[in-house]
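A.B. asks: Before I ask anything, let me first share the structure, which is written out below as structure tokens.
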Amino acid sequence: MKTDWNKRYSVEEYVYGKQPNYFFRTVMDTLSPGKILLPAEGEGRNGVYAACRKWDVMAFDSSPVARQKALKLAGENGVEINYHVCDYPDFNCHESVFDAIAFIYAHLPDKQKHTYYRRLFLCLKTGGKVIFEAFSKNQQKYQLDDPQAGGPRDPGMLFSKEEVEEIFTGFALLKLEEEKILLSEGPGHTGYASVVRCVAEKI
Ligand SMILES: C[S@@+](CC[C@H](N)C(=O)[O-])C[C@H]1O[C@@H](n2cnc3c(N)ncnc32)[C@H](O)[C@@H]1O
């Protein structure tokens, strides 16, 4: 799995582009800067955007190739991000440190997503926000029509709205929607897509 991502990222171009994810940017633009955690950050597009807006950025991803590209992108933008190469369970999770956590296309196998996500919620301060966007179960329809459509092919890694609601049990849900969107995020995310978007506040 890790090898697959390293191979995917071993090209000059940025697989999901250098611009931040639209939903992430839209929500971030409403928040005051603080400390943010970006799990499965990939090539750094979101962390670099946050750092440019004066956030203190901590990121991790299991791919060292992704980290290299993220640090290069940070350098191009004259900012710094703190980026660890590690797997979800190995991230050193101290309690109540972050003002925000953003899971952007941070897909995981069915058996892991609930546990790994909820463990990271411990790092969030009370009142802290979680920003979440990922492909929904309905993305399978787009994948059938178009082999280039984004998202994991394992249906267990896709999300239903109900499942996201369950993951965020105990949070105030400020937004939870399944939406059809037009993705234009580098060669990796193009065309129509079905996603779940959520903004949740730790109470
Ligand atoms: C679809 S990419 C999304 C990257 C980034 N969040 C973005 O939106 O540009 C998924 C990322 O998850 C990372 N990943 C997959 N499984 C992981 C795991 N168990 N622990 C840490 N990172 C993982 C991959 O290396 C990859 O960079």
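As shown in the structure tokens, the chain order sets the letters A, B, ...; within each chain, residues go from 1, and ligands are also counted from 1 in the order they appear.
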Kindly compile the residues surrounding ligand 1 within 8 Å, counting only C-alpha atoms and all ligand atoms, and format them as a ChimeraX atom specification.
C.D. replies: /A:1-2,5-6,15-17,20-21,38-46,60-63,66,85-89,103-108,151
A.B. asks: How would you write, as a VMD selection string, the set of residues in region 30-170 of chain A that DSSP gives as strand (DSSP E)?
C.D. replies: chain A and resid 35 to 39 56 to 61 82 to 85 98 to 104 124 to 135
A.B. asks: Write a file of the selected residues as an mmCIF file, in the first residue's frame, keeping C-alpha atoms.
C.D. replies:
data_model
loop_
_atom_site.group_PDB
_atom_site.id
_atom_site.type_symbol
_atom_site.label_atom_id
_atom_site.label_comp_id
_atom_site.auth_asym_id
_atom_site.auth_seq_id
_atom_site.Cartn_x
_atom_site.Cartn_y
_atom_site.Cartn_z
ATOM 1 C CA LYS A 35 -2.566 24.830 15.349
ATOM 2 C CA ILE A 36 -3.801 22.360 12.729
ATOM 3 C CA LEU A 37 -3.208 18.644 12.154
ATOM 4 C CA LEU A 38 -3.433 17.169 8.651
ATOM 5 C CA PRO A 39 -3.462 13.349 8.659
ATOM 6 C CA ASP A 56 1.046 26.309 12.740
ATOM 7 C CA VAL A 57 0.900 23.120 10.647
ATOM 8 C CA MET A 58 1.574 19.538 11.728
ATOM 9 C CA ALA A 59 1.044 16.857 9.069
ATOM 10 C CA PHE A 60 1.731 13.182 8.626
ATOM 11 C CA ASP A 61 1.533 10.593 5.867
ATOM 12 C CA ASN A 82 6.106 20.100 10.383
ATOM 13 C CA TYR A 83 5.598 16.830 8.456
ATOM 14 C CA HIS A 84 6.118 13.321 9.860
ATOM 15 C CA VAL A 85 6.336 10.104 7.879
ATOM 16 C CA PHE A 98 -4.916 21.261 17.990
ATOM 17 C CA ASP A 99 -7.488 23.922 17.104
ATOM 18 C CA ALA A 100 -8.383 22.049 13.914
ATOM 19 C CA ILE A 101 -7.902 18.692 12.198
ATOM 20 C CA ALA A 102 -8.570 18.243 8.488
ATOM 21 C CA PHE A 103 -9.215 14.847 6.908
ATOM 22 C CA ILE A 104 -9.167 15.510 3.185
ATOM 23 C CA LEU A 124 -8.291 18.282 19.382
ATOM 24 C CA LYS A 125 -9.063 21.027 21.899
ATOM 25 C CA THR A 126 -12.634 21.501 23.083
ATOM 26 C CA GLY A 127 -14.196 23.946 20.627
ATOM 27 C CA GLY A 128 -11.766 22.746 17.941
ATOM 28 C CA LYS A 129 -13.048 22.021 14.430
ATOM 29 C CA VAL A 130 -12.743 19.006 12.158
ATOM 30 C CA ILE A 131 -12.943 19.540 8.409
ATOM 31 C CA PHE A 132 -13.731 16.390 6.437
ATOM 32 C CA GLU A 133 -14.153 15.640 2.731
ATOM 33 C CA ALA A 134 -14.026 12.167 1.195
ATOM 34 C CA PHE A 135 -15.612 10.146 -1.598
#
A.B. asks: Can you work out which one of A:Val97, A:Cys123, A:Ala70, A:Leu31 has the shortest atom-to-atom distance to Tyr9 (chain A), counting only C-alpha atoms?
C.D. replies: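 Of all the options, A:Ala70 lies closest to Tyr9 (chain A).
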A.B. asks: Within 9 Å of region 155-165 of chain A, which residues of region 46-131 of chain A show up? Give each one with its shortest atom-to-atom distance in Å (one decimal) and the two atoms involved, counting only C-alpha atoms, rows by chain then rising residue number, as CSV.
C.D. replies:
residue,atom,partner,partner_atom,distance
A:His107,CA,A:Met157,CA,5.7
A:Leu108,CA,A:Met157,CA,5.4
A:Pro109,CA,A:Met157,CA,4.9
A:Asp110,CA,A:Gly156,CA,4.7
A:Lys111,CA,A:Gly156,CA,8.3
A:Lys113,CA,A:Met157,CA,8.0
A:His114,CA,A:Glu163,CA,8.8
A.B. asks: Choose the residue, out of A:Tyr14, A:Lys137, A:Leu173, A:Ser96, that has the smallest atom-to-atom separation from Lys69 (chain A); count only C-alpha atoms.
C.D. replies: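 Once distances to Lys69 (chain A) are computed over only C-alpha atoms, the minimum belongs to A:Tyr14.
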A.B. asks: Distance CA of Glu95 (chain A)-CA of Arg119 (chain A), one decimal place?
C.D. replies: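 Pair CA of Glu95 (chain A) / CA of Arg119 (chain A) returns 10.0 Å.
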